[in-house]
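What follows is the content of start-v2.csv (CSV, C-alpha atoms).
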chain,number,residue,atom,x,y,z
A,8,MET,CA,2.8,7.4,8.9
A,9,ARG,CA,1.8,4.8,11.4
A,10,SER,CA,-0.5,1.8,10.7
A,11,PRO,CA,-3.5,0.8,12.8
A,12,ALA,CA,-2.7,-2.1,14.9
A,13,LEU,CA,-3.8,-5.5,13.5
A,14,PRO,CA,-6.4,-7.0,15.9
A,15,GLU,CA,-5.2,-10.0,17.9
A,16,THR,CA,-8.2,-12.0,16.5
A,17,LEU,CA,-6.9,-11.5,12.9
A,18,THR,CA,-3.3,-12.5,13.7
A,19,ARG,CA,-4.5,-15.6,15.6
A,20,ALA,CA,-6.8,-16.4,12.6
A,21,VAL,CA,-3.7,-16.5,10.4
A,22,ILE,CA,-1.6,-18.5,12.8
A,23,GLY,CA,-4.5,-21.0,13.3
A,24,ALA,CA,-5.1,-21.5,9.6
A,25,VAL,CA,-1.4,-22.2,9.0
A,26,LEU,CA,-0.1,-23.8,12.3
A,27,GLY,CA,-3.3,-25.1,13.9
A,28,SER,CA,-5.7,-23.9,16.5
A,29,ASP,CA,-3.6,-25.2,19.4
A,30,ILE,CA,-0.7,-22.9,18.4
A,31,ALA,CA,-3.1,-20.0,17.8
A,32,ALA,CA,-4.6,-20.4,21.3
A,33,ARG,CA,-1.2,-20.1,23.1
A,34,PRO,CA,-0.9,-17.1,25.5
A,35,ALA,CA,0.1,-13.9,23.7
A,36,GLY,CA,3.5,-13.8,25.4
A,37,ASP,CA,4.5,-17.4,24.4
A,38,ALA,CA,6.8,-17.7,21.5
A,39,ILE,CA,5.9,-20.1,18.7
A,40,PRO,CA,8.4,-23.1,18.7
A,41,LYS,CA,11.2,-22.3,16.3
A,42,HIS,CA,11.0,-25.7,14.6
A,43,LEU,CA,7.5,-24.9,13.5
A,44,LEU,CA,8.6,-21.6,11.9
A,45,ALA,CA,11.9,-22.6,10.4
A,46,PRO,CA,10.4,-24.3,7.2
A,47,HIS,CA,8.3,-21.2,6.6
A,48,ALA,CA,11.3,-18.9,7.1
A,49,ASP,CA,13.3,-20.9,4.6
A,50,ARG,CA,10.5,-20.5,2.0
A,51,ILE,CA,10.2,-16.8,2.7
A,52,MET,CA,13.9,-16.3,2.2
A,53,ARG,CA,13.8,-18.0,-1.2
A,54,LEU,CA,10.7,-16.0,-2.1
A,55,SER,CA,12.3,-12.7,-1.1
A,56,GLU,CA,15.2,-13.3,-3.5
A,57,ARG,CA,12.6,-13.8,-6.3
A,58,PHE,CA,10.8,-10.6,-5.4
A,59,THR,CA,14.0,-8.5,-5.5
A,60,GLY,CA,15.3,-10.0,-8.8
A,61,ASP,CA,15.0,-8.9,-12.4
A,62,ALA,CA,11.8,-6.9,-12.7
A,63,ALA,CA,11.5,-7.9,-16.4
A,64,GLU,CA,11.7,-11.6,-15.6
A,65,ARG,CA,8.4,-13.4,-15.4
A,66,LEU,CA,7.7,-14.8,-11.9
A,67,PRO,CA,6.5,-18.4,-11.6
A,68,ARG,CA,3.2,-19.0,-9.9
A,69,TYR,CA,5.0,-19.2,-6.6
A,70,LEU,CA,1.8,-19.7,-4.5
A,71,ASP,CA,1.2,-23.0,-6.3
A,72,GLU,CA,4.4,-24.4,-4.8
A,73,ALA,CA,3.8,-26.8,-1.9
A,74,GLY,CA,3.5,-24.9,1.4
A,75,MET,CA,4.3,-21.5,-0.1
A,76,ASP,CA,0.8,-20.0,0.4
A,77,ASP,CA,1.0,-21.0,4.1
A,78,SER,CA,4.4,-19.4,4.5
A,79,TYR,CA,3.4,-16.3,2.6
A,80,ALA,CA,0.3,-15.9,4.9
A,81,LEU,CA,2.3,-16.3,8.1
A,82,TYR,CA,4.8,-13.6,7.2
A,83,TYR,CA,3.6,-11.3,4.3
A,84,LEU,CA,-0.1,-11.3,5.1
A,85,PRO,CA,0.3,-9.2,8.3
A,86,ILE,CA,2.7,-6.9,6.4
A,87,ASN,CA,0.4,-6.4,3.5
A,88,ALA,CA,-2.7,-6.0,5.8
A,89,ALA,CA,-0.9,-3.2,7.7
A,90,LYS,CA,-0.1,-1.3,4.5
A,91,VAL,CA,-3.7,-1.6,3.2
A,92,ALA,CA,-5.2,-0.6,6.5
A,93,THR,CA,-3.1,2.5,6.5
A,94,LEU,CA,-4.2,3.6,3.0
A,95,LEU,CA,-7.8,2.9,3.9
A,96,THR,CA,-7.5,5.0,7.0
A,97,ILE,CA,-6.3,7.9,4.7
A,98,ALA,CA,-9.3,7.3,2.3
A,99,ARG,CA,-11.7,7.4,5.2
A,100,ALA,CA,-10.2,10.6,6.5
A,101,ALA,CA,-10.9,12.1,3.0
A,102,GLY,CA,-14.6,11.2,3.4
A,103,TYR,CA,-14.7,7.9,1.5
A,104,LEU,CA,-15.9,4.5,2.6
A,105,ALA,CA,-17.5,6.2,5.6
A,106,THR,CA,-20.7,4.1,5.8
A,107,GLY,CA,-21.6,0.5,5.1
A,108,PRO,CA,-22.4,-2.1,4.2
A,109,LEU,CA,-19.4,-2.2,1.8
A,110,ARG,CA,-18.4,-4.6,-0.9
A,111,VAL,CA,-14.6,-5.2,-1.1
A,112,ALA,CA,-12.7,-7.1,-3.8
A,113,GLU,CA,-9.0,-8.0,-3.8
A,114,LEU,CA,-7.4,-9.0,-7.1
A,115,GLY,CA,-4.4,-11.3,-6.9
A,116,CYS,CA,-5.4,-11.7,-3.3
A,117,GLY,CA,-3.3,-14.8,-2.4
A,118,PRO,CA,-4.2,-15.7,1.2
A,119,GLY,CA,-6.1,-12.4,1.6
A,120,GLY,CA,-3.7,-9.7,3.0
A,121,GLY,CA,-5.6,-6.8,1.5
A,122,LEU,CA,-8.9,-8.2,2.7
A,123,VAL,CA,-7.5,-8.5,6.3
A,124,GLY,CA,-6.4,-4.9,6.0
A,125,ALA,CA,-9.9,-3.9,5.1
A,126,LEU,CA,-11.2,-5.8,8.1
A,127,THR,CA,-8.7,-3.9,10.3
A,128,ALA,CA,-9.4,-0.4,8.9
A,129,LEU,CA,-13.1,-0.8,8.4
A,130,ASP,CA,-13.8,-2.5,11.7
A,131,GLY,CA,-17.4,-2.2,12.7
A,132,THR,CA,-18.6,-1.8,9.1
A,133,PRO,CA,-20.5,-4.7,7.5
A,134,LEU,CA,-18.2,-6.0,4.7
A,135,SER,CA,-18.8,-8.5,1.9
A,136,LEU,CA,-15.3,-9.7,0.9
A,137,THR,CA,-14.3,-11.2,-2.5
A,138,GLY,CA,-10.9,-12.7,-3.4
A,139,VAL,CA,-9.7,-13.1,-6.9
A,140,ASP,CA,-6.7,-15.3,-7.6
A,141,HIS,CA,-5.4,-18.0,-10.0
A,142,SER,CA,-4.3,-20.2,-7.0
A,143,GLU,CA,-7.1,-22.5,-5.7
A,144,SER,CA,-5.1,-23.3,-2.5
A,145,ALA,CA,-4.5,-19.6,-1.8
A,146,LEU,CA,-8.2,-18.8,-2.2
A,147,ALA,CA,-9.0,-21.7,0.2
A,148,LEU,CA,-6.6,-20.4,2.7
A,149,ALA,CA,-8.0,-16.9,2.5
A,150,GLY,CA,-11.4,-18.3,3.1
A,151,ARG,CA,-10.3,-20.1,6.2
A,152,ILE,CA,-8.5,-17.0,7.6
A,153,ILE,CA,-11.4,-14.6,7.0
A,154,SER,CA,-14.0,-17.1,8.2
A,155,ALA,CA,-12.0,-17.6,11.4
A,156,ALA,CA,-11.9,-13.8,11.8
A,157,GLY,CA,-15.7,-13.6,11.5
A,158,GLY,CA,-15.7,-12.2,7.9
A,159,THR,CA,-17.9,-13.1,4.9
A,160,PHE,CA,-15.9,-14.3,2.0
A,161,SER,CA,-16.4,-15.5,-1.6
A,162,SER,CA,-13.8,-16.5,-4.1
A,163,ILE,CA,-13.3,-16.2,-7.9
A,164,ARG,CA,-10.5,-18.3,-9.5
A,165,PHE,CA,-9.3,-16.2,-12.4
A,166,ASN,CA,-6.2,-15.4,-14.5
A,167,LEU,CA,-5.9,-11.6,-14.5
A,168,GLU,CA,-3.9,-11.6,-17.7
A,169,SER,CA,-6.8,-13.1,-19.6
A,170,ALA,CA,-9.4,-10.4,-19.2
A,171,VAL,CA,-11.1,-8.1,-16.7
A,172,PRO,CA,-12.8,-10.4,-14.2
A,173,ASP,CA,-16.6,-10.3,-13.5
A,174,LEU,CA,-16.9,-9.2,-9.8
A,175,ARG,CA,-20.6,-10.0,-9.9
A,176,ALA,CA,-21.7,-6.7,-8.2
A,177,PRO,CA,-20.5,-3.1,-8.0
A,178,GLN,CA,-17.6,-2.8,-5.5
A,179,ASP,CA,-17.0,0.0,-3.0
A,180,LEU,CA,-13.4,-0.9,-2.7
A,181,ILE,CA,-11.1,-2.7,-5.2
A,182,ILE,CA,-7.6,-3.6,-3.9
A,183,ILE,CA,-4.7,-4.7,-6.2
A,184,ALA,CA,-1.7,-5.3,-3.9
A,185,ASN,CA,1.7,-6.5,-5.0
A,186,THR,CA,0.1,-7.8,-8.2
A,187,LEU,CA,0.3,-5.3,-11.0
A,188,ASN,CA,4.1,-5.6,-11.1
A,189,GLU,CA,3.7,-9.4,-11.8
A,190,LEU,CA,1.4,-9.0,-14.8
A,191,TRP,CA,2.6,-8.8,-18.4
A,192,ARG,CA,6.3,-8.5,-17.3
A,193,GLY,CA,8.9,-7.8,-19.9
A,194,ARG,CA,6.5,-6.8,-22.7
A,195,ASP,CA,6.5,-3.7,-24.9
A,196,ASP,CA,2.9,-3.0,-23.9
A,197,THR,CA,3.2,-3.8,-20.2
A,198,ILE,CA,2.1,-0.3,-19.0
A,199,GLU,CA,-0.7,-0.2,-21.5
A,200,LYS,CA,-2.0,-3.6,-20.4
A,201,ARG,CA,-1.9,-2.7,-16.7
A,202,THR,CA,-3.6,0.6,-17.3
A,203,ARG,CA,-6.4,-1.1,-19.2
A,204,LEU,CA,-7.0,-3.5,-16.4
A,205,VAL,CA,-7.3,-0.8,-13.8
A,206,ALA,CA,-9.5,1.4,-16.1
A,207,GLY,CA,-11.7,-1.6,-17.1
A,208,LEU,CA,-12.2,-2.6,-13.4
A,209,ALA,CA,-13.3,1.0,-12.6
A,210,GLU,CA,-15.6,1.3,-15.6
A,211,ARG,CA,-17.3,-2.1,-15.0
A,212,HIS,CA,-17.2,-2.7,-11.3
A,213,LEU,CA,-16.4,0.3,-9.2
A,214,ALA,CA,-19.5,1.7,-7.4
A,215,PRO,CA,-20.2,5.4,-7.4
A,216,GLY,CA,-17.9,7.0,-4.7
A,217,GLY,CA,-15.9,3.8,-4.6
A,218,VAL,CA,-12.1,3.6,-4.1
A,219,MET,CA,-9.4,1.8,-5.9
A,220,LEU,CA,-6.2,1.0,-4.0
A,221,LEU,CA,-3.0,0.0,-5.9
A,222,LEU,CA,-0.1,-1.0,-3.8
A,223,GLU,CA,3.4,-2.2,-5.0
A,224,PRO,CA,6.8,-3.0,-3.6
A,225,ALA,CA,9.0,0.1,-3.0
A,226,LEU,CA,11.6,-1.1,-5.5
A,227,ILE,CA,12.5,1.2,-8.3
A,228,ALA,CA,11.1,-0.8,-11.3
A,229,PRO,CA,7.6,-1.5,-9.9
A,230,SER,CA,7.4,1.9,-8.3
A,231,ARG,CA,8.3,3.7,-11.6
A,232,GLU,CA,5.9,1.5,-13.5
A,233,LEU,CA,3.1,2.5,-11.1
A,234,ILE,CA,4.0,6.1,-11.8
A,235,ALA,CA,3.6,5.3,-15.6
A,236,VAL,CA,0.2,3.8,-15.0
A,237,ARG,CA,-0.8,6.8,-12.9
A,238,ASP,CA,0.1,9.3,-15.7
A,239,ARG,CA,-1.8,7.3,-18.3
A,240,LEU,CA,-4.9,7.1,-16.1
A,241,LEU,CA,-4.8,10.8,-15.5
A,242,ALA,CA,-4.3,11.6,-19.1
A,243,ALA,CA,-7.5,9.7,-19.9
A,244,GLY,CA,-9.4,11.9,-17.4
A,245,GLY,CA,-12.0,11.2,-14.8
A,246,TRP,CA,-9.8,10.3,-11.9
A,247,ARG,CA,-9.1,11.9,-8.5
A,248,ILE,CA,-6.0,10.9,-6.5
A,249,LEU,CA,-6.5,10.6,-2.7
A,250,HIS,CA,-2.9,9.5,-1.9
A,251,PRO,CA,0.0,10.1,-2.2
A,252,CYS,CA,-0.2,12.9,-4.9
A,253,THR,CA,-1.4,16.3,-4.0
A,254,HIS,CA,-1.9,17.3,-7.6
A,255,HIS,CA,-3.0,15.7,-10.9
A,256,LEU,CA,-0.3,16.9,-13.2
A,257,PRO,CA,2.2,14.5,-14.7
A,258,CYS,CA,4.5,13.1,-12.1
A,259,PRO,CA,7.7,15.2,-11.8
A,260,LEU,CA,9.7,12.1,-11.0
A,261,ALA,CA,8.8,10.4,-14.3
A,262,ALA,CA,11.5,12.2,-16.2
A,263,GLN,CA,14.2,11.3,-13.6
A,264,PRO,CA,15.2,7.7,-14.2
A,265,ASP,CA,16.7,7.1,-10.8
A,266,GLU,CA,13.9,8.6,-8.8
A,267,TRP,CA,10.7,7.1,-7.5
A,268,CYS,CA,8.1,7.7,-4.8
A,269,HIS,CA,7.3,5.4,-1.9
A,270,ASP,CA,5.8,5.5,1.6
A,271,LEU,CA,7.5,4.5,4.9
A,272,LEU,CA,5.3,3.1,7.6
A,273,SER,CA,5.7,2.5,11.3
A,274,TRP,CA,3.7,-0.4,12.7
A,275,GLU,CA,3.2,-2.6,15.7
A,276,THR,CA,5.0,-5.7,14.5
A,277,PRO,CA,3.1,-8.9,15.3
A,278,ALA,CA,5.1,-11.4,17.4
A,279,VAL,CA,5.1,-14.0,14.6
A,280,VAL,CA,6.7,-11.6,12.1
A,281,ARG,CA,9.3,-10.6,14.7
A,282,GLN,CA,10.1,-14.3,15.3
A,283,MET,CA,10.4,-15.0,11.6
A,284,ASP,CA,12.7,-11.9,11.2
A,285,ASP,CA,14.9,-13.3,14.0
A,286,ILE,CA,15.3,-16.6,12.1
A,287,MET,CA,15.9,-15.0,8.7
A,288,GLY,CA,18.0,-12.0,9.8
A,289,PHE,CA,15.4,-9.6,8.3
A,290,ASN,CA,14.0,-6.4,9.9
A,291,LYS,CA,10.4,-5.3,9.3
A,292,HIS,CA,10.1,-2.7,12.0
A,293,ARG,CA,9.2,-0.2,9.3
A,294,LEU,CA,7.5,-1.0,6.0
A,295,LYS,CA,8.2,0.5,2.6
A,296,PHE,CA,5.8,0.5,-0.3
A,297,SER,CA,4.6,2.5,-3.3
A,298,SER,CA,0.9,3.2,-3.7
A,299,LEU,CA,-1.9,5.0,-5.5
A,300,VAL,CA,-5.3,5.5,-3.9
A,301,LEU,CA,-7.9,6.6,-6.5
A,302,THR,CA,-11.6,7.4,-7.0
A,303,ARG,CA,-13.6,8.3,-10.1
A,304,GLY,CA,-14.3,12.0,-10.4
A,305,GLU,CA,-12.9,15.4,-11.3
A,306,PRO,CA,-9.5,16.2,-10.0
A,307,ALA,CA,-9.5,18.3,-6.9
A,308,SER,CA,-7.5,21.6,-6.7
A,309,PRO,CA,-4.0,21.1,-5.2
A,310,GLY,CA,-4.7,24.0,-2.9
A,311,ASP,CA,-1.0,24.6,-2.0
A,312,ARG,CA,-0.7,21.1,-0.7
A,313,TRP,CA,2.6,19.1,-0.5
A,314,TYR,CA,3.7,15.5,0.0
A,315,VAL,CA,7.0,14.7,1.8
A,316,LEU,CA,9.2,12.5,-0.4
A,317,THR,CA,12.2,12.0,2.0
A,318,ASP,CA,13.1,11.7,5.6
A,319,PRO,CA,14.1,15.0,7.0
A,320,HIS,CA,17.8,15.9,7.0
A,321,GLU,CA,18.9,17.9,10.1
A,322,ALA,CA,22.3,19.7,9.8
A,323,LYS,CA,23.8,23.0,10.9
A,324,GLY,CA,20.6,24.2,12.4
A,325,MET,CA,18.5,23.5,9.3
A,326,THR,CA,15.6,21.1,8.5
A,327,ASP,CA,15.9,20.0,4.9
A,328,LEU,CA,13.1,18.1,3.1
A,329,THR,CA,12.4,17.1,-0.5
A,330,VAL,CA,8.7,17.5,-1.2
A,331,CYS,CA,6.3,17.2,-4.2
A,332,GLY,CA,3.4,19.5,-5.2
A,333,ALA,CA,1.9,21.2,-8.2
A,334,PRO,CA,5.1,23.2,-8.9
A,335,GLY,CA,7.0,19.9,-9.0
A,336,ALA,CA,9.5,18.2,-6.7
A,337,LEU,CA,11.7,20.6,-4.8
A,338,ARG,CA,13.8,21.0,-1.6
A,339,MET,CA,12.4,23.1,1.3
A,340,ILE,CA,14.7,24.3,4.0
A,341,LEU,CA,13.9,25.9,7.3
A,342,SER,CA,16.8,27.4,9.2
A,343,ARG,CA,16.9,28.0,12.9
A,344,ARG,CA,17.0,31.8,12.4
A,345,SER,CA,13.7,31.6,10.6
A,346,TYR,CA,11.8,29.7,13.2
A,347,SER,CA,8.3,31.0,14.1
A,348,GLU,CA,5.1,29.7,15.5
A,349,THR,CA,3.5,29.6,12.1
A,350,ASN,CA,6.2,27.4,10.5
A,351,ARG,CA,6.9,25.2,13.6
A,352,PRO,CA,4.9,22.2,12.2
A,353,PHE,CA,7.5,22.0,9.4
A,354,ARG,CA,10.1,20.8,11.9
A,355,LYS,CA,8.0,17.7,12.7
A,356,LEU,CA,7.3,16.5,9.2
A,357,GLY,CA,8.5,13.1,8.0
A,358,LYS,CA,8.5,11.0,4.9
A,359,GLY,CA,4.9,10.4,3.7
A,360,ASP,CA,3.4,13.3,5.5
A,361,ARG,CA,1.2,15.8,3.7
A,362,PHE,CA,1.0,19.5,4.5
A,363,THR,CA,-0.3,22.9,3.3
A,364,LEU,CA,2.0,25.8,2.6
A,365,LYS,CA,1.3,28.8,0.3
A,366,LEU,CA,4.6,29.8,-1.2
A,367,LEU,CA,5.5,33.4,-0.6
A,368,HIS,CA,8.0,33.6,-3.5
A,369,GLY,CA,9.0,31.5,-6.6
A,370,PRO,CA,10.5,28.2,-5.5
A,371,GLU,CA,12.7,27.3,-8.5
A,372,LYS,CA,14.4,24.1,-7.1
A,373,LEU,CA,14.8,25.3,-3.6
A,374,TYR,CA,12.4,27.1,-1.2
A,375,ARG,CA,13.7,28.7,2.0
A,376,LEU,CA,11.0,29.2,4.5
A,377,THR,CA,10.7,32.5,6.2
A,378,PRO,CA,9.1,33.4,9.6
A,379,ASP,CA,6.0,34.4,7.7
A,380,ASP,CA,5.4,31.0,6.1
A,381,ALA,CA,2.4,29.2,7.6
A,382,VAL,CA,2.6,25.4,7.6
A,383,ARG,CA,-0.5,23.2,8.4
A,384,VAL,CA,-0.2,19.5,8.6
A,385,ASP,CA,-3.1,17.6,6.9

If you took the structure in this file and wrote it as structure tokens, what would it be?
Amino acid sequence: MRSPALPETLTRAVIGAVLGSDIAARPAGDAIPKHLLAPHADRIMRLSERFTGDAAERLPRYLDEAGMDDSYALYYLPINAAKVATLLTIARAAGYLATGPLRVAELGCGPGGGLVGALTALDGTPLSLTGVDHSESALALAGRIISAAGGTFSSIRFNLESAVPDLRAPQDLIIIANTLNELWRGRDDTIEKRTRLVAGLAERHLAPGGVMLLLEPALIAPSRELIAVRDRLLAAGGWRILHPCTHHLPCPLAAQPDEWCHDLLSWETPAVVRQMDDIMGFNKHRLKFSSLVLTRGEPASPGDRWYVLTDPHEAKGMTDLTVCGAPGALRMILSRRSYSETNRPFRKLGKGDRFTLKLLHGPEKLYRLTPDDAVRVD
């Protein structure tokens, strides 16, 4: 998958809100002075260590720390915006969020990465944007960024662990990005609490035909916890998955403790993120994340559709993929001697792609494509 490019106006809005309008107005090819970025890079390195730590350990309210919301916005906001923009592009391709005006709410918004992603993917559509967060300074920063980008923003200061917030009006899109995994950590009822929050938001605040977007880090614990929320929501009924799942059966990876599902995204890395990476020794040329894009409604038929779980493995004249569909997770192999025009698209599939293939024989755990297999990329 590849993300839509973040508009220059949005990246300049972020830089201007954090580093000042003079820095934001510099020519596109001019690097930001390193001494201005170094304090933010130091904070991001410390924050990254927290994010990859014990998943059961309760995170402190890191955006309340002095300067942390600015640093988070400078580095993570473009990253989160790219992920959200990609998922919204998928939702639009499925026929959702096609016309405006639209109301968009992001819960646990911080400085507004999900809302900036909505501005990117839904460009040209009138949007009314609402940010919900416990941090007053982060909400104020989100307001400055979105206003500078020409958006309409309102804020709600709220602790998501206390109740389902009142979003004031039905929402066409509700975004919860990198937030569920921080709620109710280390409790026996963690999954139940998170599921109730998502279900409660949909019941009270999701407009007919609206979309709910859940996005989490591609680490094993938050990813598997998102799978658990998925399975609980589907068991309750009334949900349709738009991405990544091609079916509505229990996740076949749930019973495999060392397996999880995540997307891999290519993107046009903004210069400020590249500069921060150079200082920190990080590399964000591709982005990993776990996600679930949902709408209310009856589940759609899987229709012989598959989702690619892994990057392709090419060896000894074979293309080897692990895929997921209604029959479960299985390997598919196409050997050179079975190449044909109808199965040619299989050779170009990569992680995160979706395709249609009607199996010509029982797959068990391995399906070998024949020249008669017809592959169509979604």

In terms of all atoms listed in the file, the residue from A:Pro277, A:Gly60, A:Pro85, A:Gly359 at minimal distance from Pro251 (chain A) is A:Gly359

Hey, what's within 10 Å of Arg239 (chain A) if we count all atoms listed in the file and toss same-chain stuff fewer than 6 positions away? As an NGL selection string, please?
-> :A and (198-199 or 202-203 or 206 or 233 or 257)

Pick from A:Met75, A:Ala322, A:Thr317, A:Leu376 nearest to Met339 (chain A), counting all atoms listed in the file =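 Looking only at the distances to Met339 (chain A), the closest residue turns out to be A:Leu376.
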
Determine, counting all atoms listed in the file, which protein, DNA and RNA residues have an atom within 10 Å of an atom of Asp173 (chain A); residues of the same chain fewer than 6 positions away are not included. Present the result as an NGL selection string.
-> :A and (139 or 163 or 165 or 208 or 211-212)

Can you work out the spacing between CA of Asp265 (chain A) and CA of Met325 (chain A) in Å, to one decimal?
->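 Separation of CA of Asp265 (chain A) and CA of Met325 (chain A): 26.0 Å.
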
Kindly extract all protein, DNA and RNA residues lying within 6 Å of the coordinates (-18.5, 0.5, 8.2) given in the file, considering only C-alpha atoms, and supply them as a CSV table (one decimal) with C-alpha atoms, in the frame of the given file.
chain,number,residue,atom,x,y,z
A,106,THR,CA,-20.7,4.1,5.8
A,107,GLY,CA,-21.6,0.5,5.1
A,129,LEU,CA,-13.1,-0.8,8.4
A,131,GLY,CA,-17.4,-2.2,12.7
A,132,THR,CA,-18.6,-1.8,9.1
A,133,PRO,CA,-20.5,-4.7,7.5

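The residue set within 7 Å of Ile22 (chain A), counting only C-alpha atoms and dropping same-chain residues fewer than 5 places from it, reads Gly27, Ala31 and Leu81 of chain A.
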
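Shell of Asp380 (chain A) at 8 Å, with all atoms listed in the file counted and residues fewer than 6 places along the chain excluded, is Thr349, Asn350, Leu364, Lys365, Leu366 and Leu367 of chain A.
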